[in-house]
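The structure appears below as structure tokens.
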Amino acid sequence: MPEGHTVHRLAGALTELFSGHRPTITSPQGRFSQGAAKLNGQIALSAEAWGKHFFMPFAPEPTEVTLGEDGPDWLHVHLGLYGSWSFDGDGEFIAVHTIGAPRRRIGEREQLSEGADERRVAEWEPPTPKDTVRVRFAQPHGIADLTGPNQCQVLSGSEVRAVLKRLGPDPLRNNPGDRERFISLVRKRKVPVGQLVMDQAVTAGPGNIYRADCLFRVGISPLRPGNRVSEHRLGLLWDDLVSAMSEGVRDGIILTNPPEYIPLDPIDEQDRRFAVYQRSGRACWRCGNTIAEMAMAGRRLFWCPGCQR
DNA sequence: ACGAAATGTCTAA
DNA sequence: TAGACCTTTCGTT
């Protein structure tokens, strides 16, 4: 269950664990057998993320490539609503991609790998994949399993470029000019800004949580038409997406409730994570008004009518 | 056991 | 706007 920060973390993890290797690639489920056969035995190069899209190039020999270059076979994965990768391996493998505690899953709900510390290199055997595993990457020290993706396919460079063409600026790339581009894309439209922040052609990567909480953090009502939000406030919104999502990449979890609003005794752990997301009917941490909820373009939208104008 | 919801996106009507 | 899709998890019978 990924927003862009999860996909960026995954690109880092899969690069560290598999780039430079010739992983064995299979499709236990059988729905990616052709693609797996095409990639199997090639060298995995550095994976990259753009928004929620994951790209990993494969070539016969090690090389440096840029995103969308002609030549390599590009594995393209979109996790959709509930795709996920899980990892298993010996202590050496788990240690490679560990920042802090060893993790079995990259993304939300990251799990500690049981016994990874004690596990001897020689003891590890690849576990039998579940029959829903679309793709398994295997190298001698560990495996990565992909289940439930919305998209998983091998693309040419020009096909990758066609995907990228439909994506707006990614706050986690934050390339020169992206801030201005985001501002102008929003201000061109009279669609509610809450809908535009979810539109991957306007900005690629934010999902329902960052949409709700970043709009709260900068005080913009999601119902306000894009062309009625000032350039200044949209600049602040971009900056907040950049910083909130960067923290998500660093921590592997979304914690968007600003520290000054976290109550000393929250109702429960879950309740302190978000500012407004999934808090409808409860009191706003900042002003005490009741958090509102409505459906917007088929997704649940949460905001504070008191703080957001 | 069963149903609904989930941090997503596409297509058809 | 509704439905389809890919899977897991959590709450309710």
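In the structure tokens, the first chain shown is A, the next is B, and so on; residue numbers restart at 1 for each chain, and ligands run from 1 in the order shown.
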Next on the checklist: Counting only C-alpha atoms (C1' of nucleotides), a student should be able to say which residues of chain A come within 9 Å of chain B; what is the right answer, written as a ChimeraX atom specification?
Outcome noted: /A:1-3,78-82,108,150,207-210
Using the selection just defined, write its residues with N, CA, C and O atoms as a compact mmCIF listing (two decimals), in the first residue's frame.
```txt
# COMPACT_ATOMS: atom_id res chain seq x y z
N MET A 1 0.84 -1.20 0.00
CA MET A 1 0.00 0.00 0.00
C MET A 1 0.87 1.24 0.00
O MET A 1 1.28 1.73 1.03
N PRO A 2 1.18 1.67 -1.18
CA PRO A 2 2.29 2.56 -1.37
C PRO A 2 1.90 3.94 -1.84
O PRO A 2 1.09 4.10 -2.75
N GLU A 3 2.54 4.96 -1.27
CA GLU A 3 2.61 6.24 -1.95
C GLU A 3 4.05 6.31 -2.47
O GLU A 3 4.80 5.34 -2.35
N HIS A 78 4.07 -1.17 -11.17
CA HIS A 78 3.21 -0.24 -10.42
C HIS A 78 2.44 -1.07 -9.41
O HIS A 78 1.75 -2.02 -9.79
N LEU A 79 2.56 -0.72 -8.13
CA LEU A 79 1.99 -1.57 -7.09
C LEU A 79 0.48 -1.44 -6.98
O LEU A 79 -0.17 -2.31 -6.37
N GLY A 80 -0.09 -0.36 -7.55
CA GLY A 80 -1.53 -0.20 -7.40
C GLY A 80 -1.91 -0.03 -5.94
O GLY A 80 -1.13 0.48 -5.13
N LEU A 81 -3.09 -0.49 -5.60
CA LEU A 81 -3.60 -0.26 -4.26
C LEU A 81 -2.97 -1.20 -3.24
O LEU A 81 -2.79 -0.85 -2.09
N TYR A 82 -2.64 -2.40 -3.64
CA TYR A 82 -2.17 -3.34 -2.62
C TYR A 82 -1.02 -4.25 -3.04
O TYR A 82 -0.78 -5.27 -2.40
N GLU A 108 5.03 0.44 3.94
CA GLU A 108 4.29 0.49 5.18
C GLU A 108 4.24 -0.90 5.78
O GLU A 108 4.36 -1.90 5.10
N ASN A 150 -0.37 -3.85 -9.77
CA ASN A 150 -1.32 -3.41 -10.77
C ASN A 150 -0.72 -3.58 -12.16
O ASN A 150 -1.40 -3.96 -13.11
N GLY A 207 -0.19 10.40 -2.51
CA GLY A 207 -1.43 9.63 -2.52
C GLY A 207 -2.39 10.23 -1.50
O GLY A 207 -2.25 11.39 -1.10
N ASN A 208 -3.32 9.43 -1.05
CA ASN A 208 -4.42 9.93 -0.25
C ASN A 208 -3.98 10.50 1.11
O ASN A 208 -4.59 11.44 1.61
N ILE A 209 -2.93 9.93 1.69
CA ILE A 209 -2.50 10.41 3.02
C ILE A 209 -1.74 11.73 2.90
O ILE A 209 -2.08 12.72 3.56
N TYR A 210 -0.72 11.77 2.03
CA TYR A 210 0.03 13.03 1.87
C TYR A 210 -0.88 14.13 1.35
O TYR A 210 -0.74 15.29 1.73
```
Next on the checklist: Give me, as a ChimeraX atom specification, the residues of segment 49-207 of chain A that a backbone DSSP run labels helix (DSSP H, G or I).
Outcome noted: /A:91-96,121-123,157-165,178-187,193-196
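Within 9 Å of Val7 of chain A, once only C-alpha atoms (C1' of nucleotides) are used and residues closer than 4 positions along the same chain are dropped, the contacting residues are A:Pro2, A:Glu3, A:Ala11, A:Gly12, A:Glu48, A:Ala49, A:Trp50, A:Gly51, A:Lys52, A:His53, A:Phe54, A:His78, A:Leu79, A:Ile106, A:Gly107, A:Gly205, A:Val249.
Taking atom CA of Ala204 of chain A as the reference point, atom CA of Arg161 of chain A is found at 14.7 Å.
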Next on the checklist: Set the distance at 9 Å and use only C-alpha atoms (C1' of nucleotides): which residues neighbour segment 274-280 of chain A once local chain neighbours fewer than 4 positions away are removed? I'd like the list as a list in words.
Outcome noted: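 After dropping sequence-adjacent residues, the list is Asn208, Ile209, Tyr210, Arg211, Ala212, Asp213, Cys214, Phe216, Arg217, Ile254, Leu255, Thr256, Asn257, Pro258, Tyr261, Ile262, Gln270, Cys284, Trp285, Arg286, Thr290, Ile291, Ala292, Glu293, Arg300, Leu301, Phe302, Trp303 and Cys304 of chain A.
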Checklist entry - Which residues come within 8 Å of DT7 of chain C, counting only C-alpha atoms (C1' of nucleotides), excluding same-chain residues fewer than 3 positions away, as JSON, numbers by chain? => result {"A": [82, 83, 147, 148]}
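For the residues A:Ala47, A:Leu10, A:Val133, A:Ala138, ranking by smallest atom-to-atom distance to chain C using only C-alpha atoms (C1' of nucleotides) places A:Val133 first.
Nearest-residue note for chain C: choosing from A:Ala244, A:Cys307, A:Ala297, A:Ile25, the minimum distance belongs to A:Ala297, counting only C-alpha atoms (C1' of nucleotides).
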Compile a residue-level contact table for chain C against chain A at a cut-off of 9 Å, reporting for every qualifying residue the shortest atom pair and its distance in Å to one decimal, with only C-alpha atoms (C1' of nucleotides) counted, rows ordered by chain and ascending number, as a Markdown table.
```
| residue | atom | partner | partner_atom | distance |
| --- | --- | --- | --- | --- |
| C:DT1 | C1' | A:Gly298 | CA | 8.5 |
| C:DC5 | C1' | A:Asn150 | CA | 7.6 |
| C:DC6 | C1' | A:Gly148 | CA | 4.9 |
| C:DT7 | C1' | A:Gly148 | CA | 5.4 |
| C:DT8 | C1' | A:Tyr82 | CA | 7.6 |
```
